[in-house]
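Colleague: You'll find start-v2.pdb just under this line, and it carries PDB, C-alpha atoms, pLDDT in the B column.
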```
ATOM      1  CA  MET C   1      24.879 124.115  48.026  1.00 49.00           C
ATOM      2  CA  ASP C   2      25.729 120.686  46.640  1.00 51.00           C
ATOM      3  CA  THR C   3      22.667 118.549  47.126  1.00 53.00           C
ATOM      4  CA  SER C   4      23.146 116.061  44.328  1.00 56.00           C
ATOM      5  CA  PRO C   5      24.349 112.738  45.708  1.00 53.00           C
ATOM      6  CA  THR C   6      27.154 111.095  43.830  1.00 63.00           C
ATOM      7  CA  ALA C   7      28.172 107.450  43.779  1.00 69.00           C
ATOM      8  CA  GLY C   8      29.263 106.439  47.258  1.00 73.00           C
ATOM      9  CA  SER C   9      27.616 109.445  48.908  1.00 81.00           C
ATOM     10  CA  ARG C  10      24.292 110.348  50.485  1.00 83.00           C
ATOM     11  CA  PRO C  11      22.521 113.598  51.390  1.00 85.00           C
ATOM     12  CA  CYS C  12      22.603 115.045  54.899  1.00 83.00           C
ATOM     13  CA  PRO C  13      19.021 114.861  56.292  1.00 82.00           C
ATOM     14  CA  ALA C  14      19.486 118.209  58.071  1.00 83.00           C
ATOM     15  CA  CYS C  15      20.940 120.422  55.299  1.00 87.00           C
ATOM     16  CA  GLY C  16      20.892 118.229  52.183  1.00 84.00           C
ATOM     17  CA  THR C  17      24.652 118.464  51.555  1.00 85.00           C
ATOM     18  CA  SER C  18      26.113 115.445  49.806  1.00 85.00           C
ATOM     19  CA  ILE C  19      28.436 113.570  52.171  1.00 82.00           C
ATOM     20  CA  ALA C  20      30.310 110.305  51.943  1.00 80.00           C
ATOM     21  CA  ALA C  21      28.200 107.229  52.620  1.00 76.00           C
ATOM     22  CA  ASP C  22      30.458 106.065  55.425  1.00 79.00           C
ATOM     23  CA  SER C  23      30.637 109.471  57.186  1.00 78.00           C
ATOM     24  CA  ARG C  24      29.239 109.751  60.701  1.00 79.00           C
ATOM     25  CA  PHE C  25      28.404 113.449  60.547  1.00 78.00           C
ATOM     26  CA  CYS C  26      27.849 116.284  58.081  1.00 81.00           C
ATOM     27  CA  TYR C  27      30.964 118.399  57.650  1.00 78.00           C
ATOM     28  CA  LYS C  28      28.833 121.437  56.759  1.00 83.00           C
ATOM     29  CA  CYS C  29      26.156 121.545  59.480  1.00 84.00           C
ATOM     30  CA  GLY C  30      27.646 119.077  61.977  1.00 80.00           C
ATOM     31  CA  ALA C  31      24.551 116.868  62.063  1.00 80.00           C
ATOM     32  CA  ILE C  32      25.135 113.298  63.171  1.00 81.00           C
ATOM     33  CA  MET C  33      24.249 110.880  60.422  1.00 75.00           C
ATOM     34  CA  PRO C  34      22.000 107.941  61.351  1.00 72.00           C
ATOM     35  CA  GLY C  35      23.638 104.630  60.556  1.00 66.00           C
ATOM     36  CA  GLY C  36      26.695 106.442  59.288  1.00 51.00           C
ATOM     37  CA  GLY C  37      30.254 105.534  59.807  1.00 50.00           C
ATOM     38  CA  PRO C  38      32.223 102.613  58.705  1.00 52.00           C
ATOM     39  CA  ALA C  39      30.648  99.222  58.904  1.00 51.00           C
ATOM     40  CA  PRO C  40      31.619  97.291  61.980  1.00 53.00           C
ATOM     41  CA  ALA C  41      34.703  95.209  61.446  1.00 56.00           C
ATOM     42  CA  PRO C  42      33.972  91.564  60.909  1.00 56.00           C
ATOM     43  CA  ALA C  43      34.894  89.305  63.824  1.00 57.00           C
ATOM     44  CA  LYS C  44      38.475  88.178  63.579  1.00 60.00           C
ATOM     45  CA  ALA C  45      39.145  84.492  63.529  1.00 63.00           C
ATOM     46  CA  GLY C  46      41.660  84.713  66.376  1.00 69.00           C
ATOM     47  CA  MET C  47      42.028  83.911  70.061  1.00 70.00           C
ATOM     48  CA  SER C  48      39.473  84.996  72.596  1.00 78.00           C
ATOM     49  CA  THR C  49      40.440  87.272  75.472  1.00 80.00           C
ATOM     50  CA  GLY C  50      40.227  84.357  77.929  1.00 78.00           C
ATOM     51  CA  VAL C  51      42.724  82.326  75.917  1.00 77.00           C
ATOM     52  CA  LYS C  52      45.072  85.316  75.717  1.00 81.00           C
ATOM     53  CA  VAL C  53      44.923  85.801  79.499  1.00 80.00           C
ATOM     54  CA  LEU C  54      45.539  82.102  80.068  1.00 78.00           C
ATOM     55  CA  LEU C  55      48.564  82.168  77.759  1.00 80.00           C
ATOM     56  CA  ALA C  56      49.929  85.219  79.581  1.00 82.00           C
ATOM     57  CA  VAL C  57      49.549  83.454  82.951  1.00 80.00           C
ATOM     58  CA  VAL C  58      51.274  80.343  81.614  1.00 79.00           C
ATOM     59  CA  ALA C  59      54.123  82.445  80.202  1.00 82.00           C
ATOM     60  CA  VAL C  60      54.635  84.170  83.572  1.00 83.00           C
ATOM     61  CA  ALA C  61      54.534  80.807  85.387  1.00 79.00           C
ATOM     62  CA  VAL C  62      57.150  79.329  83.051  1.00 80.00           C
ATOM     63  CA  PHE C  63      59.346  82.392  83.513  1.00 80.00           C
ATOM     64  CA  MET C  64      59.056  82.137  87.321  1.00 79.00           C
ATOM     65  CA  PHE C  65      59.861  78.407  87.213  1.00 73.00           C
ATOM     66  CA  ILE C  66      62.974  79.038  85.123  1.00 81.00           C
ATOM     67  CA  LEU C  67      64.028  81.815  87.498  1.00 78.00           C
ATOM     68  CA  LEU C  68      63.543  79.498  90.488  1.00 75.00           C
ATOM     69  CA  VAL C  69      65.585  76.714  88.865  1.00 73.00           C
ATOM     70  CA  VAL C  70      68.422  79.070  87.968  1.00 74.00           C
ATOM     71  CA  THR C  71      68.457  80.467  91.510  1.00 74.00           C
ATOM     72  CA  ALA C  72      68.498  76.966  93.002  1.00 70.00           C
ATOM     73  CA  VAL C  73      71.357  75.876  90.737  1.00 69.00           C
ATOM     74  CA  LEU C  74      73.398  78.927  91.671  1.00 69.00           C
ATOM     75  CA  ALA C  75      72.652  78.647  95.400  1.00 65.00           C
ATOM     76  CA  ALA C  76      73.036  74.857  95.774  1.00 60.00           C
ATOM     77  CA  PRO C  77      76.833  74.807  96.318  1.00 62.00           C
ATOM     78  CA  SER C  78      76.560  77.395  99.072  1.00 60.00           C
ATOM     79  CA  LEU C  79      73.704  75.545 100.732  1.00 55.00           C
ATOM     80  CA  MET C  80      75.607  72.273 100.560  1.00 54.00           C
ATOM     81  CA  ARG C  81      78.609  73.859 102.284  1.00 57.00           C
ATOM     82  CA  HIS C  82      76.355  75.153 105.034  1.00 61.00           C
ATOM     83  CA  SER C  83      74.595  71.796 105.251  1.00 75.00           C
ATOM     84  CA  GLY C  84      77.935  70.080 105.896  1.00 79.00           C
ATOM     85  CA  ALA C  85      78.823  72.613 108.583  1.00 83.00           C
ATOM     86  CA  ALA C  86      75.400  72.184 110.188  1.00 87.00           C
ATOM     87  CA  ARG C  87      75.910  68.425 110.339  1.00 89.00           C
ATOM     88  CA  VAL C  88      79.279  68.882 112.041  1.00 90.00           C
ATOM     89  CA  VAL C  89      77.648  71.121 114.660  1.00 90.00           C
ATOM     90  CA  HIS C  90      74.837  68.578 115.080  1.00 91.00           C
ATOM     91  CA  ALA C  91      77.394  65.795 115.695  1.00 92.00           C
ATOM     92  CA  ARG C  92      79.136  67.929 118.319  1.00 92.00           C
ATOM     93  CA  VAL C  93      75.811  68.583 120.058  1.00 91.00           C
ATOM     94  CA  GLU C  94      74.973  64.857 120.059  1.00 93.00           C
ATOM     95  CA  ILE C  95      78.390  64.017 121.560  1.00 93.00           C
ATOM     96  CA  GLN C  96      77.881  66.651 124.258  1.00 93.00           C
ATOM     97  CA  MET C  97      74.430  65.187 124.992  1.00 93.00           C
ATOM     98  CA  PHE C  98      76.025  61.733 125.365  1.00 94.00           C
ATOM     99  CA  LYS C  99      78.684  63.135 127.701  1.00 93.00           C
ATOM    100  CA  THR C 100      76.023  64.703 129.931  1.00 93.00           C
ATOM    101  CA  ALA C 101      73.940  61.503 129.995  1.00 94.00           C
ATOM    102  CA  LEU C 102      77.065  59.413 130.696  1.00 94.00           C
ATOM    103  CA  ALA C 103      78.011  61.668 133.632  1.00 93.00           C
ATOM    104  CA  THR C 104      74.551  61.095 135.150  1.00 94.00           C
ATOM    105  CA  TYR C 105      74.860  57.341 134.470  1.00 94.00           C
ATOM    106  CA  LYS C 106      78.210  57.308 136.315  1.00 93.00           C
ATOM    107  CA  LEU C 107      76.743  59.243 139.263  1.00 93.00           C
ATOM    108  CA  ASP C 108      74.010  56.601 139.608  1.00 93.00           C
ATOM    109  CA  THR C 109      76.004  53.425 138.924  1.00 94.00           C
ATOM    110  CA  GLY C 110      79.552  54.404 139.918  1.00 93.00           C
ATOM    111  CA  GLU C 111      81.034  53.552 136.492  1.00 95.00           C
ATOM    112  CA  TYR C 112      80.660  54.429 132.840  1.00 96.00           C
ATOM    113  CA  PRO C 113      79.232  51.740 130.558  1.00 96.00           C
ATOM    114  CA  THR C 114      81.867  49.416 129.103  1.00 95.00           C
ATOM    115  CA  THR C 115      82.690  49.403 125.402  1.00 96.00           C
ATOM    116  CA  ASP C 116      80.582  46.250 125.035  1.00 95.00           C
ATOM    117  CA  GLN C 117      77.593  47.837 126.813  1.00 96.00           C
ATOM    118  CA  GLY C 118      78.032  50.923 124.665  1.00 95.00           C
ATOM    119  CA  LEU C 119      75.763  53.914 124.415  1.00 96.00           C
ATOM    120  CA  ALA C 120      72.739  51.585 124.488  1.00 96.00           C
ATOM    121  CA  ALA C 121      73.282  51.423 128.277  1.00 96.00           C
ATOM    122  CA  LEU C 122      71.947  54.983 128.397  1.00 96.00           C
ATOM    123  CA  ARG C 123      68.573  53.709 127.156  1.00 95.00           C
ATOM    124  CA  GLN C 124      68.311  50.159 128.555  1.00 95.00           C
ATOM    125  CA  GLN C 125      69.744  48.809 131.790  1.00 95.00           C
ATOM    126  CA  PRO C 126      72.657  46.453 131.140  1.00 95.00           C
ATOM    127  CA  GLY C 127      72.660  43.158 133.025  1.00 92.00           C
ATOM    128  CA  GLY C 128      74.390  43.237 136.408  1.00 92.00           C
ATOM    129  CA  VAL C 129      74.405  47.051 136.708  1.00 93.00           C
ATOM    130  CA  LYS C 130      73.012  48.277 140.041  1.00 93.00           C
ATOM    131  CA  ASN C 131      71.444  51.654 140.783  1.00 93.00           C
ATOM    132  CA  TRP C 132      70.639  52.257 137.110  1.00 94.00           C
ATOM    133  CA  SER C 133      68.000  55.013 137.127  1.00 93.00           C
ATOM    134  CA  GLY C 134      67.606  55.524 133.390  1.00 89.00           C
ATOM    135  CA  PRO C 135      66.785  55.845 130.712  1.00 93.00           C
ATOM    136  CA  TYR C 136      69.294  58.665 130.458  1.00 93.00           C
ATOM    137  CA  ILE C 137      68.346  59.614 126.913  1.00 92.00           C
ATOM    138  CA  VAL C 138      64.786  60.042 125.678  1.00 90.00           C
ATOM    139  CA  GLN C 139      65.043  58.159 122.372  1.00 90.00           C
ATOM    140  CA  ASP C 140      67.043  55.219 121.089  1.00 93.00           C
ATOM    141  CA  VAL C 141      70.701  55.974 120.495  1.00 94.00           C
ATOM    142  CA  PRO C 142      70.760  58.109 117.349  1.00 93.00           C
ATOM    143  CA  LYS C 143      73.113  57.701 114.446  1.00 94.00           C
ATOM    144  CA  ASP C 144      75.424  60.560 113.599  1.00 94.00           C
ATOM    145  CA  PRO C 145      74.147  63.181 111.112  1.00 93.00           C
ATOM    146  CA  TRP C 146      75.529  61.142 108.192  1.00 94.00           C
ATOM    147  CA  GLY C 147      73.732  57.950 109.259  1.00 94.00           C
ATOM    148  CA  HIS C 148      76.728  56.180 110.837  1.00 96.00           C
ATOM    149  CA  ASP C 149      76.915  54.781 114.358  1.00 95.00           C
ATOM    150  CA  PHE C 150      78.800  56.828 116.925  1.00 96.00           C
ATOM    151  CA  VAL C 151      81.900  55.003 118.169  1.00 96.00           C
ATOM    152  CA  TYR C 152      81.991  54.502 121.965  1.00 97.00           C
ATOM    153  CA  ARG C 153      84.995  53.250 123.944  1.00 96.00           C
ATOM    154  CA  TYR C 154      85.448  52.872 127.689  1.00 95.00           C
ATOM    155  CA  PRO C 155      88.006  52.820 128.968  1.00 91.00           C
ATOM    156  CA  GLY C 156      88.954  55.484 126.505  1.00 88.00           C
ATOM    157  CA  GLU C 157      92.360  56.277 125.083  1.00 90.00           C
ATOM    158  CA  HIS C 158      92.146  60.009 125.864  1.00 87.00           C
ATOM    159  CA  GLY C 159      91.664  60.451 129.587  1.00 85.00           C
ATOM    160  CA  ASP C 160      89.357  59.151 132.296  1.00 90.00           C
ATOM    161  CA  GLU C 161      86.132  59.640 130.339  1.00 92.00           C
ATOM    162  CA  PRO C 162      84.811  57.500 127.505  1.00 96.00           C
ATOM    163  CA  ASP C 163      85.815  58.263 123.930  1.00 96.00           C
ATOM    164  CA  ILE C 164      82.875  59.140 121.690  1.00 96.00           C
ATOM    165  CA  ILE C 165      83.581  59.605 117.983  1.00 96.00           C
ATOM    166  CA  SER C 166      81.745  60.471 114.796  1.00 96.00           C
ATOM    167  CA  TYR C 167      83.930  59.731 111.789  1.00 95.00           C
ATOM    168  CA  GLY C 168      82.259  62.503 109.783  1.00 92.00           C
ATOM    169  CA  ALA C 169      80.704  62.377 106.348  1.00 91.00           C
ATOM    170  CA  ASP C 170      82.918  59.594 104.985  1.00 92.00           C
ATOM    171  CA  GLY C 171      82.460  57.325 108.037  1.00 92.00           C
ATOM    172  CA  GLN C 172      86.214  56.614 108.071  1.00 92.00           C
ATOM    173  CA  PRO C 173      88.871  57.612 110.645  1.00 93.00           C
ATOM    174  CA  GLY C 174      90.780  60.779 109.792  1.00 91.00           C
ATOM    175  CA  GLY C 175      89.839  63.155 107.025  1.00 89.00           C
ATOM    176  CA  GLU C 176      89.439  66.878 106.559  1.00 90.00           C
ATOM    177  CA  GLY C 177      86.497  69.269 106.405  1.00 87.00           C
ATOM    178  CA  VAL C 178      83.180  67.418 106.729  1.00 86.00           C
ATOM    179  CA  ASN C 179      85.106  64.116 106.611  1.00 91.00           C
ATOM    180  CA  ALA C 180      87.122  65.003 109.743  1.00 93.00           C
ATOM    181  CA  ASP C 181      86.511  63.087 112.960  1.00 94.00           C
ATOM    182  CA  ILE C 182      84.385  64.773 115.607  1.00 93.00           C
ATOM    183  CA  VAL C 183      85.580  63.592 119.012  1.00 94.00           C
ATOM    184  CA  SER C 184      84.545  63.964 122.644  1.00 93.00           C
ATOM    185  CA  TRP C 185      87.993  64.745 124.078  1.00 92.00           C
ATOM    186  CA  LYS C 186      88.662  67.911 122.086  1.00 86.00           C
ATOM    187  CA  SER C 187      86.869  71.222 121.882  1.00 73.00           C
ATOM    188  CA  GLN C 188      86.425  71.688 118.174  1.00 59.00           C
TER     189      GLN C 188
END
```
Could I get this structure in the form of structure tokens?
Modeller:
Amino acid sequence: MDTSPTAGSRPCPACGTSIAADSRFCYKCGAIMPGGGPAPAPAKAGMSTGVKVLLAVVAVAVFMFILLVVTAVLAAPSLMRHSGAARVVHARVEIQMFKTALATYKLDTGEYPTTDQGLAALRQQPGGVKNWSGPYIVQDVPKDPWGHDFVYRYPGEHGDEPDIISYGADGQPGGEGVNADIVSWKSQ
């Protein structure tokens, strides 16, 4: 039995065997050594766990933001096309609403408003008009979906009813796509 301690070793308290100073147990008898084992590692001069978690959260947030921006950039042209189509539909709905209100106006007064009286006659009674029972629209006369005034003409050039026109996105007569005229006398 080797009981003589050597440099860097110590005796096992249970059996006296010489074991390494940093050993946690005796390899011969299996006894656990008090205070044995390697010295605890000195504290590292690094980031705390809280800082690491915060950095991870920030990294995920930046990644999500970049993903959102890329998605928006890729989807924007499609959304803009649909936005233009939605505005065209909105203009058609507004024109149909005017046509319905104008029909009621004519039933009450016997005539459509003149070009000079315009669509405002649906909201406020024009001078000299009898049997006006309006207002025929709830709010002031709206602008078209692109912010332009609707064009109103009576007598119209396309039949017995008034002409109501939205000149589309460009606000100019003619055009194609979202710039095309939206008119009351055609089903579009």
Colleague: Could you tell me how far atom CA of C:Ala86 lies from atom CA of C:Ala120, in Å and to one decimal?
Modeller: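 Going from atom CA of C:Ala86 over to atom CA of C:Ala120 covers 25.2 Å.
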Colleague: With the PyMOL selection byres ((chain C and resi 146) around 8) as the selection, what would be picked from this file? Answer as JSON, numbers by chain, please.
Modeller: {"C": [87, 143, 144, 145, 147, 148, 168, 169, 171]}
Colleague: Dig up all the protein and nucleic acid residues within 10 Å of (85.9, 66.8, 120.7) in the file frame, using only C-alpha atoms, and format them as a count of residues only.
Modeller: 16
Colleague: Record the distance separating atom CA of C:Pro173 and atom CA of C:Glu111, expressed in Å with one decimal.
Modeller: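 These atoms are spaced 27.3 Å apart.
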Colleague: For this structure, which residues satisfy the selection - the PyMOL selection byres ((chain C and resi 11-14) around 9) - when it is evaluated on the file as given? I want them as number ranges by chain.
Modeller: C: 3-5, 9-10, 15-21, 25-26, 29, 31-33
Colleague: How would the residues just picked look written out with C-alpha atoms as a PDB file, keeping the file's coordinate frame?
Modeller:
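Generated file (result.pdb):
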```pdb
ATOM      1  CA  THR C   3      22.667 118.549  47.126  1.00 53.00           C
ATOM      2  CA  SER C   4      23.146 116.061  44.328  1.00 56.00           C
ATOM      3  CA  PRO C   5      24.349 112.738  45.708  1.00 53.00           C
ATOM      4  CA  SER C   9      27.616 109.445  48.908  1.00 81.00           C
ATOM      5  CA  ARG C  10      24.292 110.348  50.485  1.00 83.00           C
ATOM      6  CA  CYS C  15      20.940 120.422  55.299  1.00 87.00           C
ATOM      7  CA  GLY C  16      20.892 118.229  52.183  1.00 84.00           C
ATOM      8  CA  THR C  17      24.652 118.464  51.555  1.00 85.00           C
ATOM      9  CA  SER C  18      26.113 115.445  49.806  1.00 85.00           C
ATOM     10  CA  ILE C  19      28.436 113.570  52.171  1.00 82.00           C
ATOM     11  CA  ALA C  20      30.310 110.305  51.943  1.00 80.00           C
ATOM     12  CA  ALA C  21      28.200 107.229  52.620  1.00 76.00           C
ATOM     13  CA  PHE C  25      28.404 113.449  60.547  1.00 78.00           C
ATOM     14  CA  CYS C  26      27.849 116.284  58.081  1.00 81.00           C
ATOM     15  CA  CYS C  29      26.156 121.545  59.480  1.00 84.00           C
ATOM     16  CA  ALA C  31      24.551 116.868  62.063  1.00 80.00           C
ATOM     17  CA  ILE C  32      25.135 113.298  63.171  1.00 81.00           C
ATOM     18  CA  MET C  33      24.249 110.880  60.422  1.00 75.00           C
TER      19      MET C  33
END
```
Colleague: Record the distance separating atom CA of C:Pro135 and atom CA of C:Leu122, expressed in Å with one decimal.
Modeller: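 Atom-to-atom, atom CA of C:Pro135 and atom CA of C:Leu122 are spaced 5.7 Å apart.
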Colleague: Can you work out which one of C:Gly175, C:Arg123, C:Ser83, C:Tyr27 has the shortest atom-to-atom distance to C:Pro142, counting all atoms listed in the file?
Modeller: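 Using all atoms listed in the file, the shortest distance to C:Pro142 belongs to C:Arg123.
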